Amino acid sequence: MDTSIKDRTAVAGIAQTRFAKSLEGSEKRLACEVIVAACEDAGIDPSEVDGLCSYTMENTAEVDIAKNIGADNITYFSQIAYGGGGGCATLGQAAMAVATGQARVAVAWRSRKRGSGGRPWASANVGLPTPLQWSRPFGLLRPADEIGVLTRRYMHEYGATRDHLANVALACRRHANMNPNAMMHEKKLTREDYMAARWISEPLCLFDNCLETDGALAAVIVSAERARDCRQPPVYIHSFGQGLPSQHHTMVNYWCEDPLRGPSWGCSEQLWRHSDFTPADVDVAQIYDAFTTLIPLSLEGYGFCGKGEGASFTEGGAIELGGRLPVNTSGGGLSEAYVHGFNLITEGVRQMRGTSTAQVDGAETCLVTSGEGVPTSAVLLRKG
C-alpha cells in the first residue's frame, strides 16, 4: 500500500510582506497579514483555515493567529524545530495533515524581525546546552564560526576555493538583481568585490553570509482536488523528507566519521524514496543558503553530483539562470532576504507557476531544501 503523500496535496496560495532591515508592525501583525494575503491568493476565506504549521522559533502563537485571521475551529497544529532546518517541514507536515484528513486548509508560515531585532549570538551570559560547552568557550560563538570550520575542512579535503564560494554568492546576487522584491535588487556584486570583502569568520567573508531581514511569508495547502478549483494553478507537493543523522550535533558534527556528510544525505534518501523523479529530473532548485558553503554541500547530499564535487559543480555558470541547475532564482537568503528559508518555498511555487522574475523555461519540477548542518527537511514540488 502506498502511504506516501505523493501529489495528494498542493500549494494553492502564497504571499509575502516587503523585505527590509526594519518593518513597521509586530511579528504577529506581519504573520496575520501575510496569512490572510496567502488565502486571498488562493481564493479561500481565512475562516476555512483549520491547520497551522510553523517553526518552534516562531514568536507568534497559534491561538493569536487563529483569532486574528478569523479562523473557525483549528483541528491540526504543529511546530518544527531547528530554525533554518524546519522550513520545508512546515510545508510537509501541513501536507500530511491535509492528506490524512486532519485538516482541510492548512497554512505554513514564518514571521521574523531579525533585521531590526537583537543579535542572539552577541551575549555570552547564557547557560549552554551540553554540546555547546565543547565549542562556544573555544571561540565558535556564532553559526558563521561553526560553518567557517566546516568550510575549511571542505577546502582541505576536496580542494574547494574561495572562487567556488564566490560562484555561489554571485549567482544568488545576479538572480536578486532581476527580482524587484529582493533586498539586494539594485546592488551589483563583482568577483573583485567578493574577494575584497571583510572577513566575518575566515574563510567566510561578508558575502558568504546571509542577510538579516524583517519579513513574513505564508503558504496555503489544500487537497489536490480542491487546488484544481482554486484561483491559482496548483503546485503539487510531490514528495517530502526530513533528516536527523545518528548522534548528530548541530551545527557541525565534530565527532562523526565524516563531518561533511550532513543531514541532507538522510533527508535526500527519504525524499527520493517517495518520488517518481531523480535528481536528474529536477529543473530548478531552491537550496538553503544561510552560508555559501551550504549550497555545494547540499548539491552533493541531494545527489546532483558526487561527494566532494559540489564546489566544481558551481563552475561555468552552472547554477545560474540558463545553467545546468539554476539555484535560488529569487536571490535566496544571501541576496533576496533571510527569513529562515521560507522565501525559498515561495520562490519554488512561483517557478512552478511560471511567474518567477528569473523564470526557468519549461520548469516542471523544483527541489526546495532547508538548512544543511542542522536536522533538516526538503520538498519536491511539481507543476500542476
# chains A, B, ... in the order shown; residues from 1 in each chain; ligands from 1

call {"tool": "residues_around", "arguments": {"residues": "Tyr338 (chain A)", "least_positions_apart": "4", "cutoff": "6 Å", "atoms": "only C-alpha atoms", "output": "list in words"}}
result
Leu211, Glu212, Thr213 and Gly333 of chain A

call {"tool": "residues_around", "arguments": {"residues": "Arg231 (chain A)", "least_positions_apart": "6", "cutoff": "12 Å", "atoms": "only C-alpha atoms", "output": "VMD selection string"}}
result
chain A and resid 11 to 14 38 to 45 220 353

call {"tool": "closest_residue", "arguments": {"among": "A:Glu347, A:Gly262, A:Tyr288, A:Gln270", "to": "Glu300 (chain A)", "atoms": "only C-alpha atoms"}}
result
A:Gly262

call {"tool": "residues_around", "arguments": {"residues": "Pro143 (chain A)", "least_positions_apart": "6", "cutoff": "12 Å", "atoms": "only C-alpha atoms", "output": "list in words"}}
result
Gly83, Gly84, Arg119, Pro120, Trp121, Ala122, Leu132, Ser135, Arg136, Val149, Leu150, Thr151, Ile200, Ser201, Leu204, Asn209, Cys210, Thr250, Met251, Val252, Ala290, Phe291, Gly371, Glu372, Gly373 and Val374 of chain A

call {"tool": "atom_distance", "arguments": {"atom1": "CA of Val168 (chain A)", "atom2": "CA of Ser116 (chain A)"}}
result
26.4 Å

call {"tool": "select_by_dssp", "arguments": {"residues": "region 95-313 of chain A", "states": "helix (DSSP H, G or I)", "output": "JSON, numbers by chain"}}
result
{"A": [95, 96, 97, 98, 99, 130, 131, 132, 133, 134, 136, 137, 138, 143, 144, 145, 146, 147, 148, 149, 150, 151, 152, 153, 154, 155, 156, 157, 158, 162, 163, 164, 165, 166, 167, 168, 169, 170, 171, 172, 173, 174, 175, 176, 191, 192, 193, 194, 195, 196, 206, 207, 208, 224, 225, 226, 227, 263, 264, 265, 266, 267, 268, 269, 270, 271, 272, 273, 279, 280, 281, 294, 295, 296, 297, 298, 299, 300, 301, 310, 311, 312, 313]}

call {"tool": "residues_around", "arguments": {"residues": "Val63 (chain A)", "least_positions_apart": "2", "cutoff": "12 Å", "atoms": "only C-alpha atoms", "output": "number ranges by chain"}}
result
A: 28, 32, 50-52, 59-61, 65-74, 77

call {"tool": "closest_residue", "arguments": {"among": "A:Pro203, A:Gly101, A:Gly341, A:Gly331", "to": "Gly148 (chain A)", "atoms": "only C-alpha atoms"}}
result
A:Pro203

call {"tool": "residues_around", "arguments": {"residues": "Gln79 (chain A)", "least_positions_apart": "3", "cutoff": "7 Å", "atoms": "only C-alpha atoms", "output": "JSON, numbers by chain"}}
result
{"A": [53, 54, 55, 56]}

call {"tool": "write_last_selection", "arguments": {"atoms": "C-alpha atoms", "output": "mmCIF file, in the first residue's frame"}}
result
data_model
loop_
_atom_site.group_PDB
_atom_site.id
_atom_site.type_symbol
_atom_site.label_atom_id
_atom_site.label_comp_id
_atom_site.auth_asym_id
_atom_site.auth_seq_id
_atom_site.Cartn_x
_atom_site.Cartn_y
_atom_site.Cartn_z
ATOM 1 C CA CYS A 53 2.252 24.802 10.870
ATOM 2 C CA SER A 54 5.185 26.956 11.901
ATOM 3 C CA TYR A 55 8.674 26.923 13.413
ATOM 4 C CA THR A 56 9.417 26.486 17.123
#

call {"tool": "residues_around", "arguments": {"residues": "Gly117 (chain A)", "least_positions_apart": "3", "cutoff": "9 Å", "atoms": "only C-alpha atoms", "output": "compact mmCIF listing (two decimals) with N, CA and C atoms, in the first residue's frame"}}
result
# COMPACT_ATOMS: atom_id res chain seq x y z
N SER A 22 14.15 46.98 8.44
CA SER A 22 13.23 47.31 9.52
C SER A 22 11.84 47.54 8.95
N ARG A 112 9.33 37.07 10.95
CA ARG A 112 10.61 37.27 11.63
C ARG A 112 11.06 38.72 11.51
N LYS A 113 11.49 39.29 12.63
CA LYS A 113 12.05 40.64 12.61
C LYS A 113 13.50 40.59 13.09
N ARG A 114 14.31 39.90 12.30
CA ARG A 114 15.72 39.74 12.66
C ARG A 114 16.54 40.96 12.25
N ASP A 214 13.79 41.69 8.15
CA ASP A 214 12.41 41.66 8.65
C ASP A 214 11.51 41.21 7.50

call {"tool": "select_by_dssp", "arguments": {"residues": "region 75-294 of chain A", "states": "strand (DSSP E or B)", "output": "ChimeraX atom specification"}}
result
/A:76-80,106-113,199-201,204-205,209,214-223,235-243,284-286,291

call {"tool": "write_last_selection", "arguments": {"atoms": "N, CA and C atoms", "output": "short mmCIF file (atom, residue, chain, number, x, y, z; two decimals), in the first residue's frame"}}
result
data_model
loop_
_atom_site.label_atom_id
_atom_site.label_comp_id
_atom_site.auth_asym_id
_atom_site.auth_seq_id
_atom_site.Cartn_x
_atom_site.Cartn_y
_atom_site.Cartn_z
N TYR A 76 -5.69 20.90 13.54
CA TYR A 76 -4.30 20.42 13.48
C TYR A 76 -3.36 21.60 13.64
N PHE A 77 -2.32 21.44 14.49
CA PHE A 77 -1.29 22.46 14.60
C PHE A 77 0.01 21.79 15.02
N SER A 78 1.11 22.27 14.47
CA SER A 78 2.42 21.71 14.79
C SER A 78 3.50 22.76 14.61
N GLN A 79 4.63 22.52 15.24
CA GLN A 79 5.80 23.38 15.09
C GLN A 79 7.03 22.52 14.86
N ILE A 80 7.96 23.04 14.05
CA ILE A 80 9.16 22.30 13.67
C ILE A 80 10.38 23.01 14.25
N ALA A 106 -4.68 24.07 5.35
CA ALA A 106 -3.56 24.27 6.27
C ALA A 106 -2.70 25.44 5.80
N VAL A 107 -2.15 26.15 6.77
CA VAL A 107 -1.27 27.28 6.47
C VAL A 107 0.07 27.04 7.15
N ALA A 108 1.14 27.22 6.39
CA ALA A 108 2.51 27.22 6.93
C ALA A 108 3.02 28.64 6.80
N TRP A 109 3.76 29.10 7.79
CA TRP A 109 4.23 30.50 7.73
C TRP A 109 5.50 30.70 8.53
N ARG A 110 6.14 31.85 8.27
CA ARG A 110 7.27 32.31 9.09
C ARG A 110 7.22 33.82 9.13
N SER A 111 7.24 34.38 10.33
CA SER A 111 7.30 35.83 10.53
C SER A 111 8.50 36.14 11.41
N ARG A 112 9.33 37.07 10.95
CA ARG A 112 10.61 37.27 11.63
C ARG A 112 11.06 38.72 11.51
N LYS A 113 11.49 39.29 12.63
CA LYS A 113 12.05 40.64 12.61
C LYS A 113 13.50 40.59 13.09
N TRP A 199 36.43 39.92 6.38
CA TRP A 199 36.15 38.62 6.96
C TRP A 199 35.02 38.73 7.98
N ILE A 200 34.19 37.68 8.01
CA ILE A 200 33.24 37.51 9.10
C ILE A 200 33.73 36.41 10.02
N SER A 201 34.10 35.28 9.44
CA SER A 201 34.77 34.20 10.17
C SER A 201 35.56 33.42 9.12
N LEU A 204 35.13 32.63 5.63
CA LEU A 204 33.88 33.21 5.17
C LEU A 204 33.94 34.73 5.27
N CYS A 205 33.69 35.39 4.14
CA CYS A 205 33.70 36.85 4.13
C CYS A 205 32.25 37.36 4.21
N ASN A 209 27.76 35.23 3.86
CA ASN A 209 26.77 35.20 4.93
C ASN A 209 25.44 35.76 4.47
N ASP A 214 13.79 41.69 8.15
CA ASP A 214 12.41 41.66 8.65
C ASP A 214 11.51 41.21 7.50
N GLY A 215 10.56 40.34 7.82
CA GLY A 215 9.63 39.91 6.77
C GLY A 215 8.80 38.73 7.23
N ALA A 216 7.75 38.45 6.48
CA ALA A 216 6.89 37.31 6.77
C ALA A 216 6.39 36.71 5.46
N LEU A 217 6.20 35.38 5.48
CA LEU A 217 5.73 34.66 4.30
C LEU A 217 4.77 33.55 4.74
N ALA A 218 3.90 33.14 3.82
CA ALA A 218 2.96 32.08 4.14
C ALA A 218 2.59 31.31 2.89
N ALA A 219 2.16 30.06 3.10
CA ALA A 219 1.68 29.21 2.02
C ALA A 219 0.43 28.48 2.49
N VAL A 220 -0.55 28.34 1.60
CA VAL A 220 -1.80 27.64 1.89
C VAL A 220 -1.78 26.30 1.18
N ILE A 221 -2.05 25.23 1.94
CA ILE A 221 -2.02 23.87 1.39
C ILE A 221 -3.41 23.26 1.49
N VAL A 222 -3.87 22.70 0.38
CA VAL A 222 -5.18 22.02 0.33
C VAL A 222 -5.01 20.71 -0.43
N SER A 223 -6.08 19.95 -0.54
CA SER A 223 -6.03 18.71 -1.30
C SER A 223 -5.82 19.01 -2.77
N VAL A 235 0.24 23.78 -7.39
CA VAL A 235 1.64 23.32 -7.36
C VAL A 235 1.67 22.14 -6.40
N TYR A 236 1.84 20.95 -6.95
CA TYR A 236 1.73 19.73 -6.15
C TYR A 236 2.96 19.51 -5.28
N ILE A 237 2.70 19.07 -4.05
CA ILE A 237 3.78 18.63 -3.16
C ILE A 237 4.00 17.16 -3.47
N HIS A 238 5.03 16.90 -4.25
CA HIS A 238 5.23 15.55 -4.79
C HIS A 238 5.85 14.63 -3.75
N SER A 239 6.88 15.08 -3.06
CA SER A 239 7.50 14.25 -2.01
C SER A 239 8.11 15.14 -0.95
N PHE A 240 8.38 14.54 0.18
CA PHE A 240 8.80 15.28 1.38
C PHE A 240 9.72 14.40 2.20
N GLY A 241 10.76 14.99 2.76
CA GLY A 241 11.67 14.24 3.62
C GLY A 241 12.20 15.09 4.75
N GLN A 242 12.59 14.43 5.84
CA GLN A 242 13.31 15.06 6.94
C GLN A 242 14.53 14.20 7.25
N GLY A 243 15.54 14.80 7.86
CA GLY A 243 16.75 14.05 8.17
C GLY A 243 17.44 14.52 9.43
N VAL A 284 14.96 23.02 -11.49
CA VAL A 284 15.41 24.21 -10.77
C VAL A 284 15.41 23.86 -9.29
N ALA A 285 16.30 24.49 -8.53
CA ALA A 285 16.41 24.17 -7.10
C ALA A 285 16.51 25.45 -6.28
N GLN A 286 15.86 25.42 -5.13
CA GLN A 286 15.98 26.50 -4.15
C GLN A 286 16.66 25.87 -2.92
N PHE A 291 24.72 30.29 4.37
CA PHE A 291 26.14 30.48 4.05
C PHE A 291 26.40 29.85 2.69
#

call {"tool": "closest_residue", "arguments": {"among": "A:Glu58, A:Ile287, A:Gly301, A:Ala103", "to": "Asn343 (chain A)", "atoms": "only C-alpha atoms"}}
result
A:Ile287

call {"tool": "residues_around", "arguments": {"residues": "Phe304 (chain A)", "least_positions_apart": "6", "cutoff": "9 Å", "atoms": "only C-alpha atoms", "output": "VMD selection string"}}
result
chain A and resid 279 to 280 298 310 313 325

call {"tool": "write_last_selection", "arguments": {"atoms": "N, CA and C atoms", "output": "PDB file, in the first residue's frame"}}
result
ATOM      1  N   PRO A 279      17.331  13.120  -9.097  1.00  0.00           N
ATOM      2  CA  PRO A 279      17.968  14.432  -9.212  1.00  0.00           C
ATOM      3  C   PRO A 279      18.116  14.904 -10.657  1.00  0.00           C
ATOM      4  N   ALA A 280      18.320  13.979 -11.585  1.00  0.00           N
ATOM      5  CA  ALA A 280      18.481  14.353 -12.995  1.00  0.00           C
ATOM      6  C   ALA A 280      17.217  14.955 -13.585  1.00  0.00           C
ATOM      7  N   SER A 298      24.997  20.758  -0.150  1.00  0.00           N
ATOM      8  CA  SER A 298      23.650  20.252  -0.428  1.00  0.00           C
ATOM      9  C   SER A 298      23.551  19.648  -1.824  1.00  0.00           C
ATOM     10  N   GLY A 310      30.704  19.169  -5.236  1.00  0.00           N
ATOM     11  CA  GLY A 310      29.769  20.285  -5.186  1.00  0.00           C
ATOM     12  C   GLY A 310      30.401  21.610  -5.558  1.00  0.00           C
ATOM     13  N   PHE A 313      30.859  21.818  -9.236  1.00  0.00           N
ATOM     14  CA  PHE A 313      29.546  21.890  -9.878  1.00  0.00           C
ATOM     15  C   PHE A 313      29.156  23.340 -10.145  1.00  0.00           C
ATOM     16  N   LEU A 325      21.754  23.689 -13.527  1.00  0.00           N
ATOM     17  CA  LEU A 325      20.730  23.633 -12.483  1.00  0.00           C
ATOM     18  C   LEU A 325      20.631  25.017 -11.852  1.00  0.00           C
TER      19      LEU A 325
END

call {"tool": "closest_residue", "arguments": {"among": "A:His156, A:Arg18, A:Arg350, A:Arg8", "to": "Met183 (chain A)", "atoms": "only C-alpha atoms"}}
result
A:Arg18

call {"tool": "closest_residue", "arguments": {"among": "A:Val105, A:Val379, A:Cys366, A:Cys256", "to": "Trp272 (chain A)", "atoms": "only C-alpha atoms"}}
result
A:Val379

call {"tool": "closest_residue", "arguments": {"among": "A:Glu24, A:Asn328, A:Ala311, A:His248", "to": "Arg261 (chain A)", "atoms": "only C-alpha atoms"}}
result
A:His248
